[in-house]
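Everything below belongs to query18.cif, which stores mmCIF, C-alpha atoms.
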```cif
data_data
loop_
_atom_site.label_atom_id
_atom_site.label_comp_id
_atom_site.auth_asym_id
_atom_site.auth_seq_id
_atom_site.Cartn_x
_atom_site.Cartn_y
_atom_site.Cartn_z
CA MET A 1 -52.81 13.77 13.69
CA SER A 2 -51.44 10.30 13.25
CA THR A 3 -47.67 10.05 12.74
CA ALA A 4 -47.61 6.38 11.84
CA ALA A 5 -45.74 5.78 8.58
CA SER A 6 -47.19 3.72 5.77
CA PRO A 7 -45.84 0.13 5.83
CA SER A 8 -45.16 0.35 2.10
CA ARG A 9 -42.85 3.37 2.44
CA PHE A 10 -39.42 3.47 4.09
CA PHE A 11 -37.39 6.72 4.28
CA GLY A 12 -39.46 8.16 1.43
CA LEU A 13 -39.07 5.08 -0.82
CA ASP A 14 -42.14 3.25 -2.10
CA LEU A 15 -41.28 -0.39 -1.34
CA GLY A 16 -44.16 -1.55 -3.52
CA THR A 17 -42.51 -0.18 -6.66
CA LEU A 18 -38.90 -0.73 -5.64
CA TRP A 19 -38.65 -4.37 -6.71
CA PRO A 20 -40.37 -3.82 -10.12
CA GLU A 21 -37.99 -0.96 -10.85
CA ILE A 22 -34.97 -3.09 -9.98
CA ARG A 23 -36.30 -5.97 -12.05
CA ARG A 24 -36.93 -3.69 -15.01
CA SER A 25 -33.39 -2.35 -14.80
CA TRP A 26 -31.92 -5.87 -14.75
CA GLN A 27 -34.11 -6.94 -17.65
CA GLY A 28 -32.85 -4.05 -19.77
CA LEU A 29 -29.22 -4.69 -18.86
CA HIS A 30 -28.71 -7.09 -21.78
CA ARG A 31 -29.48 -4.23 -24.19
CA THR A 32 -26.43 -2.24 -23.10
CA PRO A 33 -23.48 -2.14 -25.56
CA ALA A 34 -21.33 -4.17 -23.16
CA LEU A 35 -23.73 -7.16 -23.14
CA ALA A 36 -25.74 -6.73 -26.35
CA TRP A 37 -23.29 -8.94 -28.27
CA LEU A 38 -24.40 -11.93 -26.17
CA THR A 39 -27.87 -11.82 -27.74
CA PRO A 40 -27.69 -13.21 -31.29
CA ASP A 41 -29.59 -11.76 -34.26
CA PHE A 42 -31.65 -14.24 -36.28
CA PRO A 43 -32.34 -13.77 -39.98
CA VAL A 44 -35.96 -12.97 -40.81
CA ARG A 45 -37.55 -13.71 -44.20
CA VAL A 46 -39.82 -10.77 -45.07
CA LEU A 47 -42.72 -11.18 -47.49
CA HIS A 48 -43.31 -7.73 -48.95
CA ALA A 49 -46.71 -6.47 -50.05
CA ASP A 50 -45.49 -6.10 -53.67
CA GLY A 51 -44.55 -9.78 -53.84
CA ARG A 52 -40.82 -9.46 -53.19
CA GLU A 53 -38.96 -11.52 -50.56
CA THR A 54 -35.92 -10.20 -48.65
CA THR A 55 -33.89 -11.28 -45.66
CA TRP A 56 -33.21 -8.94 -42.75
CA LEU A 57 -30.64 -9.42 -39.95
CA GLY A 58 -30.39 -7.12 -36.95
CA GLY A 59 -32.43 -4.35 -38.54
CA GLN A 60 -30.29 -4.40 -41.70
CA ARG A 61 -31.15 -5.97 -45.02
CA ALA A 62 -28.97 -8.94 -45.84
CA LYS A 63 -27.44 -9.48 -49.24
CA GLY A 64 -29.33 -11.69 -51.66
CA GLU A 65 -33.00 -12.52 -51.89
CA GLY A 66 -34.97 -14.29 -49.20
CA SER A 67 -35.12 -18.06 -49.04
CA SER A 68 -37.38 -20.60 -47.42
CA THR A 69 -34.69 -21.83 -44.97
CA GLU A 70 -35.06 -19.08 -42.36
CA ARG A 71 -36.76 -20.06 -39.14
CA PHE A 72 -38.57 -16.75 -38.76
CA GLU A 73 -40.82 -15.01 -41.27
CA ALA A 74 -42.56 -11.64 -41.42
CA ILE A 75 -45.38 -10.19 -43.54
CA GLU A 76 -45.33 -6.55 -44.61
CA LEU A 77 -48.65 -4.73 -44.36
CA PRO A 78 -49.74 -2.71 -47.43
CA GLU A 79 -49.86 1.06 -47.23
CA ASP A 80 -53.59 1.31 -48.01
CA ILE A 81 -54.59 -0.17 -44.64
CA LEU A 82 -52.02 1.72 -42.49
CA LEU A 83 -52.24 5.07 -40.73
CA ARG A 84 -48.92 6.90 -40.20
CA ARG A 85 -47.93 9.64 -37.74
CA THR A 86 -44.60 11.46 -37.23
CA LEU A 87 -43.56 12.87 -33.85
CA HIS A 88 -40.58 14.85 -32.58
CA VAL A 89 -39.68 14.26 -28.94
CA PRO A 90 -36.58 15.02 -26.81
CA ALA A 91 -34.08 12.27 -26.09
CA MET A 92 -35.41 9.85 -23.48
CA SER A 93 -35.34 6.19 -22.53
CA GLN A 94 -37.03 3.45 -24.58
CA THR A 95 -39.72 3.00 -21.94
CA GLN A 96 -40.59 6.69 -21.92
CA ILE A 97 -40.64 6.79 -25.74
CA ALA A 98 -43.09 3.87 -25.88
CA GLN A 99 -45.35 5.49 -23.31
CA ALA A 100 -45.32 8.83 -25.16
CA VAL A 101 -46.09 7.20 -28.55
CA GLU A 102 -48.89 5.08 -27.15
CA LEU A 103 -50.49 8.11 -25.46
CA ASP A 104 -50.33 10.13 -28.67
CA LEU A 105 -51.70 7.36 -30.91
CA ARG A 106 -54.58 6.59 -28.58
CA SER A 107 -55.57 10.25 -28.68
CA VAL A 108 -55.82 10.26 -32.49
CA SER A 109 -56.75 6.63 -33.23
CA PRO A 110 -60.11 6.02 -34.96
CA PHE A 111 -60.09 2.42 -33.71
CA ALA A 112 -61.22 1.03 -30.41
CA ALA A 113 -58.53 0.56 -27.79
CA ALA A 114 -58.78 -3.24 -27.95
CA ASP A 115 -58.69 -3.23 -31.76
CA MET A 116 -55.70 -0.88 -32.25
CA VAL A 117 -52.28 -2.29 -33.20
CA TRP A 118 -49.34 0.08 -33.39
CA GLY A 119 -45.58 0.27 -33.75
CA TYR A 120 -42.85 2.86 -34.11
CA SER A 121 -39.23 3.50 -35.07
CA ALA A 122 -37.08 6.18 -33.38
CA GLN A 123 -34.13 7.91 -35.02
CA LEU A 124 -31.83 10.71 -33.89
CA VAL A 125 -32.02 13.99 -35.81
CA GLU A 126 -29.25 16.54 -36.30
CA ALA A 127 -31.25 19.34 -34.69
CA GLY A 128 -31.45 17.32 -31.49
CA GLY A 129 -34.05 14.99 -30.08
CA LEU A 130 -35.73 12.03 -31.74
CA GLN A 131 -37.96 11.60 -34.76
CA ILE A 132 -40.67 9.00 -34.21
CA ASP A 133 -42.27 7.29 -37.25
CA ALA A 134 -45.37 5.51 -35.92
CA VAL A 135 -48.01 3.36 -37.68
CA LEU A 136 -51.36 2.05 -36.43
CA ILE A 137 -53.90 -0.34 -37.91
CA SER A 138 -57.03 -2.17 -36.97
CA ARG A 139 -56.31 -5.67 -35.71
CA LYS A 140 -59.24 -7.06 -37.71
CA GLN A 141 -57.86 -5.66 -40.97
CA ALA A 142 -54.36 -6.97 -40.18
CA VAL A 143 -55.68 -10.48 -39.43
CA GLN A 144 -57.72 -10.45 -42.63
CA TYR A 145 -54.68 -9.47 -44.73
CA ILE A 146 -52.39 -12.05 -43.06
CA SER A 147 -54.90 -14.77 -43.85
CA THR A 148 -54.58 -13.93 -47.54
CA GLN A 149 -50.77 -14.41 -47.38
CA GLN A 150 -50.68 -17.82 -45.70
CA HIS A 151 -49.82 -19.57 -48.95
CA ARG A 152 -46.51 -17.65 -49.15
CA LEU A 153 -45.32 -18.83 -45.72
CA ALA A 154 -42.72 -21.63 -45.56
CA THR A 155 -43.56 -22.62 -41.96
CA ALA A 156 -46.79 -23.15 -40.11
CA ALA A 157 -45.68 -20.89 -37.21
CA ASP A 158 -47.24 -17.51 -36.70
CA PRO A 159 -45.38 -14.88 -38.77
CA GLU A 160 -44.34 -11.46 -37.56
CA VAL A 161 -46.07 -8.33 -38.82
CA TRP A 162 -43.84 -5.57 -40.15
CA SER A 163 -44.10 -2.19 -41.77
CA PHE A 164 -41.42 0.15 -43.09
CA THR A 165 -40.71 3.87 -42.68
CA PRO A 166 -40.27 6.07 -45.76
CA ASN A 167 -36.50 5.64 -45.53
CA GLY A 168 -36.76 1.84 -45.33
CA THR A 169 -36.36 1.21 -41.57
CA PRO A 170 -38.48 -1.75 -40.39
CA ILE A 171 -41.28 -1.21 -37.85
CA LEU A 172 -42.40 -4.19 -35.78
CA LEU A 173 -46.06 -4.42 -34.79
CA ALA A 174 -46.45 -6.35 -31.57
CA GLY A 175 -49.00 -9.09 -30.98
CA TRP A 176 -47.99 -11.81 -33.50
CA GLY A 177 -44.94 -14.07 -33.91
CA GLU A 178 -42.24 -11.72 -32.59
CA ALA A 179 -42.40 -13.39 -29.16
CA ARG A 180 -41.04 -16.66 -30.62
CA ARG A 181 -37.93 -14.89 -31.96
CA ALA A 182 -37.47 -13.06 -28.62
CA GLN A 183 -37.64 -16.38 -26.73
CA SER A 184 -35.05 -17.94 -29.02
CA GLY A 185 -32.78 -14.94 -28.49
CA ALA A 186 -33.25 -15.21 -24.71
CA ARG A 187 -32.30 -18.93 -24.77
CA ARG A 188 -29.18 -18.18 -26.76
CA ARG A 189 -28.36 -15.29 -24.42
CA HIS A 190 -28.71 -17.51 -21.36
CA MET A 191 -26.46 -20.10 -22.97
CA ALA A 192 -23.91 -17.37 -23.68
CA TYR A 193 -24.16 -16.20 -20.08
CA GLY A 194 -23.56 -19.75 -18.89
CA MET A 195 -20.54 -20.20 -21.15
CA LEU A 196 -19.18 -16.80 -20.14
CA GLY A 197 -19.67 -17.62 -16.46
CA SER A 198 -17.95 -20.98 -16.91
CA ALA A 199 -15.03 -19.29 -18.68
CA LEU A 200 -14.75 -16.77 -15.85
CA CYS A 201 -14.81 -19.56 -13.27
CA VAL A 202 -12.07 -21.45 -15.12
CA ALA A 203 -10.00 -18.28 -15.47
CA GLY A 204 -10.52 -17.51 -11.79
CA ALA A 205 -9.47 -21.03 -10.82
CA MET A 206 -6.38 -20.74 -13.02
CA ALA A 207 -5.55 -17.38 -11.46
CA ILE A 208 -6.09 -18.49 -7.88
CA THR A 209 -4.31 -21.85 -8.13
CA PRO A 210 -0.76 -20.40 -7.85
CA THR A 211 -1.89 -18.23 -4.96
CA MET A 212 -3.36 -21.24 -3.16
CA GLN A 213 -0.16 -23.18 -3.75
CA LEU A 214 1.87 -20.34 -2.31
CA ARG A 215 -0.47 -20.16 0.67
CA LEU A 216 -0.14 -23.88 1.34
CA ARG A 217 3.62 -23.59 1.10
CA ALA A 218 3.57 -20.65 3.48
CA ILE A 219 1.46 -22.61 5.98
CA GLU A 220 3.85 -25.54 5.71
CA ALA A 221 6.81 -23.20 6.24
CA VAL A 222 5.15 -21.71 9.33
CA HIS A 223 4.61 -25.17 10.81
CA ALA A 224 8.23 -26.10 10.08
CA TYR A 225 9.39 -22.84 11.66
CA ASP A 226 7.33 -23.52 14.78
CA ALA A 227 8.88 -26.98 15.04
CA VAL A 228 12.39 -25.52 14.69
CA GLN A 229 11.60 -22.96 17.39
CA VAL A 230 10.54 -25.74 19.75
CA ARG A 231 13.74 -27.70 19.10
CA THR A 232 16.06 -24.67 19.39
CA ALA A 233 14.38 -23.03 22.39
CA PRO A 234 17.13 -24.15 24.88
CA LEU A 235 19.92 -22.89 22.60
CA LEU A 236 18.10 -19.61 22.04
CA GLY A 237 17.82 -19.18 25.80
CA GLN A 238 21.55 -19.72 26.18
CA ARG A 239 22.28 -17.25 23.39
CA GLU A 240 20.02 -14.62 24.98
CA ALA A 241 21.81 -15.09 28.32
CA PHE A 242 25.15 -14.69 26.58
CA VAL A 243 23.98 -11.56 24.75
CA ARG A 244 22.65 -10.09 27.99
CA THR A 245 25.92 -10.81 29.81
CA THR A 246 27.95 -9.38 26.93
CA GLY A 247 25.84 -6.23 27.01
CA GLU A 248 26.42 -5.83 30.73
CA MET A 249 30.15 -6.27 30.22
CA GLU A 250 30.13 -3.72 27.42
CA ASN A 251 28.26 -1.24 29.64
CA LEU A 252 30.85 -1.80 32.37
CA ARG A 253 33.63 -1.29 29.85
CA SER A 254 32.07 1.96 28.61
CA LEU A 255 31.86 3.22 32.19
CA LEU A 256 35.47 2.26 32.88
CA ALA A 257 36.55 3.88 29.61
CA GLU A 258 35.54 7.24 31.07
CA ARG A 259 37.73 6.72 34.18
CA VAL A 260 41.30 7.94 33.81
CA ASP A 261 44.30 5.94 35.02
CA PHE A 262 45.94 8.71 37.05
CA LEU A 263 49.43 7.32 37.47
CA PRO A 264 50.20 7.03 33.72
CA LEU A 265 48.66 10.49 33.24
CA LEU A 266 50.89 12.08 35.93
CA GLU A 267 53.93 10.36 34.48
CA ALA A 268 53.08 11.59 30.96
CA ILE A 269 52.60 15.17 32.18
CA THR A 270 55.90 15.01 34.12
CA GLN A 271 57.77 13.86 31.02
CA VAL A 272 56.29 16.46 28.67
CA LEU A 273 56.64 19.57 30.88
CA PRO A 274 59.97 21.46 30.42
CA ASP A 275 62.21 22.34 33.35
CA ASP A 276 61.12 25.98 33.43
CA THR A 277 57.47 25.05 33.92
CA SER A 278 55.66 24.48 37.18
CA LEU A 279 52.01 23.60 37.81
CA GLN A 280 49.83 25.22 40.37
CA SER A 281 46.66 23.13 39.79
CA LEU A 282 45.55 20.07 37.86
CA GLN A 283 41.84 19.39 37.24
CA ILE A 284 40.50 16.21 35.63
CA GLN A 285 36.83 15.95 34.62
CA GLY A 286 36.09 12.75 32.73
CA LEU A 287 38.58 12.77 29.86
CA LYS A 288 39.11 16.54 29.99
CA VAL A 289 42.24 17.89 31.75
CA THR A 290 42.81 21.50 32.77
CA ILE A 291 46.25 22.60 33.98
CA ASN A 292 47.24 25.96 35.46
CA GLY A 293 50.77 27.12 36.22
CA LEU A 294 53.79 29.20 35.26
CA THR A 295 56.10 28.80 32.28
CA SER A 296 58.54 30.88 30.29
CA ASN A 297 56.68 30.37 26.96
CA ALA A 298 53.01 29.22 26.95
CA ALA A 299 52.86 28.76 23.15
CA THR A 300 55.84 26.40 23.20
CA LEU A 301 54.20 24.45 26.04
CA MET A 302 50.99 24.01 24.02
CA GLN A 303 53.02 22.70 21.08
CA LEU A 304 54.76 20.18 23.35
CA LEU A 305 51.43 19.01 24.76
CA GLY A 306 49.99 18.66 21.25
CA THR A 307 52.82 16.33 20.19
CA LYS A 308 52.34 13.99 23.15
CA ASN A 309 50.65 10.67 22.34
CA GLY A 310 47.27 10.53 24.06
CA PHE A 311 46.77 14.32 24.28
CA LYS A 312 44.41 15.89 21.71
CA ASP A 313 42.42 19.07 21.17
CA VAL A 314 44.94 21.15 23.10
CA ARG A 315 43.71 24.72 23.53
CA ALA A 316 43.94 27.70 25.85
CA PRO A 317 40.54 28.92 27.10
CA SER A 318 42.16 32.26 28.00
CA ALA A 319 45.32 34.11 26.98
CA ALA A 320 48.50 33.69 28.99
CA THR A 321 49.37 36.63 31.27
CA ARG A 322 52.66 37.91 32.74
CA ASN A 323 52.82 40.11 35.84
CA PRO A 324 54.98 43.23 35.68
CA GLY A 325 58.59 42.41 36.51
CA ALA A 326 57.98 38.62 36.33
CA THR A 327 59.83 36.29 33.96
CA ALA A 328 57.17 33.57 33.81
CA GLU A 329 53.74 33.55 32.13
CA ASN A 330 50.63 32.45 33.95
CA PHE A 331 48.79 29.95 31.67
CA ILE A 332 45.60 27.84 31.64
CA ILE A 333 45.58 24.97 29.10
CA GLU A 334 42.86 22.38 28.38
CA PHE A 335 43.19 19.15 26.43
CA GLN A 336 41.33 15.88 25.90
CA LEU A 337 42.71 12.47 26.77
CA ASP A 338 42.64 9.55 24.36
CA PRO A 339 40.70 6.75 26.15
CA ALA A 340 42.72 4.18 24.24
CA VAL A 341 45.86 5.42 26.07
CA PHE A 342 44.86 6.73 29.50
CA SER A 343 41.57 4.95 30.41
CA ILE A 344 41.51 2.09 32.91
CA THR A 345 40.38 -0.34 30.18
CA ALA A 346 42.98 0.79 27.64
CA SER A 347 45.07 -2.35 28.17
CA ALA A 348 42.18 -4.80 28.58
CA PRO A 349 40.28 -5.35 25.26
CA VAL A 350 37.12 -7.40 25.43
CA ASP A 351 35.76 -9.62 22.63
CA THR A 352 32.07 -8.75 22.15
CA THR A 353 31.38 -11.07 19.20
CA ILE A 354 27.98 -12.76 19.61
CA PRO A 355 28.02 -16.38 18.47
CA SER A 356 25.17 -17.91 16.51
CA VAL A 357 22.94 -20.69 17.76
CA LYS A 358 24.90 -23.27 15.76
CA GLN A 359 28.12 -22.21 17.50
CA LEU A 360 26.73 -22.72 20.98
CA ALA A 361 28.04 -25.92 22.52
CA PRO A 362 25.97 -28.15 24.84
CA ASN A 363 27.89 -26.72 27.82
CA ALA A 364 27.12 -23.11 26.75
CA ALA A 365 25.03 -22.57 29.87
CA ALA A 366 28.03 -23.29 32.11
CA SER A 367 30.20 -20.92 30.09
CA VAL A 368 27.57 -18.16 30.22
CA GLY A 369 27.19 -18.68 33.98
CA ALA A 370 30.94 -18.38 34.46
CA ALA A 371 31.01 -15.21 32.33
CA THR A 372 28.14 -13.79 34.38
CA SER A 373 29.90 -14.48 37.68
CA ILE A 374 33.09 -12.85 36.38
CA ALA A 375 31.17 -9.79 35.12
CA THR A 376 29.40 -9.32 38.47
CA MET A 377 32.65 -9.42 40.53
CA PRO A 378 33.49 -5.99 42.06
CA ALA A 379 36.27 -4.04 40.42
CA PRO A 380 39.52 -3.65 42.48
CA PRO A 381 39.95 -0.27 44.13
CA ALA A 382 42.18 2.29 42.50
CA ALA A 383 44.48 2.27 45.48
CA ASN A 384 45.27 -1.42 45.03
CA ALA A 385 45.93 -0.85 41.32
CA ALA A 386 48.25 1.99 42.14
CA SER A 387 50.11 -0.05 44.74
CA ALA A 388 50.56 -2.90 42.25
CA ALA A 389 51.99 -0.65 39.54
CA PRO A 390 55.74 -0.81 38.89
CA PRO A 391 58.01 2.05 40.00
CA ARG A 392 57.78 5.01 37.67
CA LYS A 393 59.91 8.05 36.94
CA LYS A 394 60.11 10.49 39.77
CA SER A 395 57.33 13.07 39.46
CA ARG A 396 58.09 16.73 39.19
CA PHE A 397 55.21 17.46 41.58
CA SER A 398 55.74 18.02 45.30
CA SER A 399 55.81 14.88 47.45
CA GLY A 400 53.32 14.24 50.19
CA PRO A 401 50.99 11.58 51.57
CA GLU A 402 49.55 9.60 48.66
CA SER A 403 45.79 9.58 48.22
CA THR A 404 43.49 8.33 45.51
CA PRO A 405 41.79 11.25 43.73
CA PRO A 406 37.99 10.98 43.62
CA PRO A 407 36.85 10.31 40.02
CA PRO A 408 35.74 11.72 37.73
CA VAL A 409 36.94 15.23 38.83
CA LEU A 410 40.35 15.97 40.28
CA SER A 411 41.35 19.44 41.32
CA ALA A 412 44.39 20.00 43.56
CA PRO A 413 47.12 22.63 43.90
CA LEU A 414 50.54 21.46 42.87
CA ALA A 415 54.01 22.86 43.76
CA GLY A 416 56.81 22.81 41.16
CA ARG A 417 60.46 22.25 41.65
CA LYS A 418 61.14 25.92 41.53
CA ALA A 419 59.90 28.31 44.11
CA VAL A 420 57.02 30.43 42.93
CA PRO A 421 57.42 34.09 43.84
#
```

Any chance you could give the structure as structure tokens?
Amino acid sequence: MSTAASPSRFFGLDLGTLWPEIRRSWQGLHRTPALAWLTPDFPVRVLHADGRETTWLGGQRAKGEGSSTERFEAIELPEDILLRRTLHVPAMSQTQIAQAVELDLRSVSPFAAADMVWGYSAQLVEAGGLQIDAVLISRKQAVQYISTQQHRLATAADPEVWSFTPNGTPILLAGWGEARRAQSGARRRHMAYGMLGSALCVAGAMAITPTMQLRLRAIEAVHAYDAVQVRTAPLLGQREAFVRTTGEMENLRSLLAERVDFLPLLEAITQVLPDDTSLQSLQIQGLKVTINGLTSNAATLMQLLGTKNGFKDVRAPSAATRNPGATAENFIIEFQLDPAVFSITASAPVDTTIPSVKQLAPNAAASVGAATSIATMPAPPAANAASAAPPRKKSRFSSGPESTPPPPVLSAPLAGRKAVP
């Protein structure tokens, strides 16, 4: 069995009928309510079979009698040469209605297929669906009657052929002068489309003009910004070097802020401790200090430590104890040090303000280089700093060979003035 697909079918679609269907849909688009107003209605002068003359516009009778100034004319066929038929069909499209009416009339028509002329009018009914009022006539009889009405016509053009339903709705029979009115309507519709398209183009241009101006200004601003970047590139490099050096100095300062200056700390502890207090150990971990020793009243000692400038968050991790028969309490007290008082950098503030590009002088590179060399110099050892310090108050801790405690943790036993039993 051959599996080759038909060249006229693609994924189940019949390509031969696809374009006609699309074309038919586009052709009927102008009949939609959104675009129907672009097709004008022309007045039609109707010559009735009883001798009257009326004017109709858009399927409605106009006020006043007909005149000879209308461009389009129609002749009403008399009832004695017409055959009428009424149908009831469900709601469907105009194309389907026309096909259903034509099929029904051909099945009941006494005339030959080439000689039959027909027309219909569809109206909605309350029960649902559509009521179709159809008429059919022999073309020979219609031509013979029209020839007898030529003297009533105001123009030499072919007239349209009309009939009316029992309720007065006009029925157009195709095959005479209705094509001329349809062509005039199509020309007017195309002109309206052109004017509407032109109006949309003008409105679009008006809407897009401010946007284009803003875009051009933005492009110009980008070019100006690029030019400024080229001119200020050296200054920006200097500023970045300065910012980088300042950041390194700030990092160094933050590291030094966590290192305690031991000599001021020992002096402060010596001054705050009462005479009846002796320390057995002193431990420093970062900015946290833990002391252990003997005193006559641990609560009073904590209050004294809390009032000292630079000591904060004083607390006892465990309760003070007193051995049987002893007069002193064994205490353990912890407190935090204020880095603004006891850190190595407490007395050396650093200005970290970052200047702008405009504030950079031409010799900014030399200044930044000098700052970099100063920042990269090694810090003096703690021993030298201790040796350069002025004489302080005599410590209440036991004397011995001086040594620099290893930061950031210091833990050493201390002997007080009084002998510890």

Check which residues satisfy the PyMOL selection byres ((chain A and resi 300) around 12) in the file shown, then give them as number ranges by chain. A: 272-274, 276-277, 295-299, 301-307, 320, 329, 331, 333

Expansion of the PyMOL selection byres ((chain A and resi 172) around 8) into residues, as a PyMOL selection string: chain A and resi 119-120+160-163+170-171+173-174

Leaving out Trp176 of chain A and any residue of its chain fewer than 6 positions from it, which residues lie within 12 Å of it when counting all atoms listed in the file, given as a list in words?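 Result of the neighbour search: Phe72, Glu73, Ala74, Ile75, Val117, Trp118, Arg139, Ala142, Val143, Ile146, Ala157, Asp158, Pro159, Glu160, Val161, Trp162 and Ala182 of chain A.
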
Let me know the residues the PyMOL selection byres ((chain A and resi 185) around 8) catches in the file above, as a list in words.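 Applying the expression gives Thr39, Pro40, Asp41, Phe42, Arg181, Ala182, Gln183, Ser184, Ala186, Arg187, Arg188 and Arg189 of chain A.
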
Report as a list in words all protein, DNA and RNA residues lying within 9 Å of Ile97 of chain A, evaluated on all atoms listed in the file, omitting residues in the same chain fewer than 6 positions from it.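 The residues satisfying every condition are Val89, Ala91, Ala122 and Ile132 of chain A.
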
Atom CA of Asp115 of chain A and atom CA of Val135 of chain A, how far apart in Å? 13.9 Å

Distance query Leu265 of chain A at most 10 Å, only C-alpha atoms, self and fewer than 3 positions along chain excluded, as a count of residues only: 14

Would you mind reading off the distance between atom CA of Arg84 of chain A and atom CA of Ala134 of chain A, one decimal, in Å?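 Going from atom CA of Arg84 of chain A over to atom CA of Ala134 of chain A covers 5.7 Å.
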
Give me, please, the distance in Å between atom CA of Leu266 of chain A and atom CA of Gln280 of chain A, quoted to one decimal.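 One can read the atom CA of Leu266 of chain A to atom CA of Gln280 of chain A distance as 13.9 Å.
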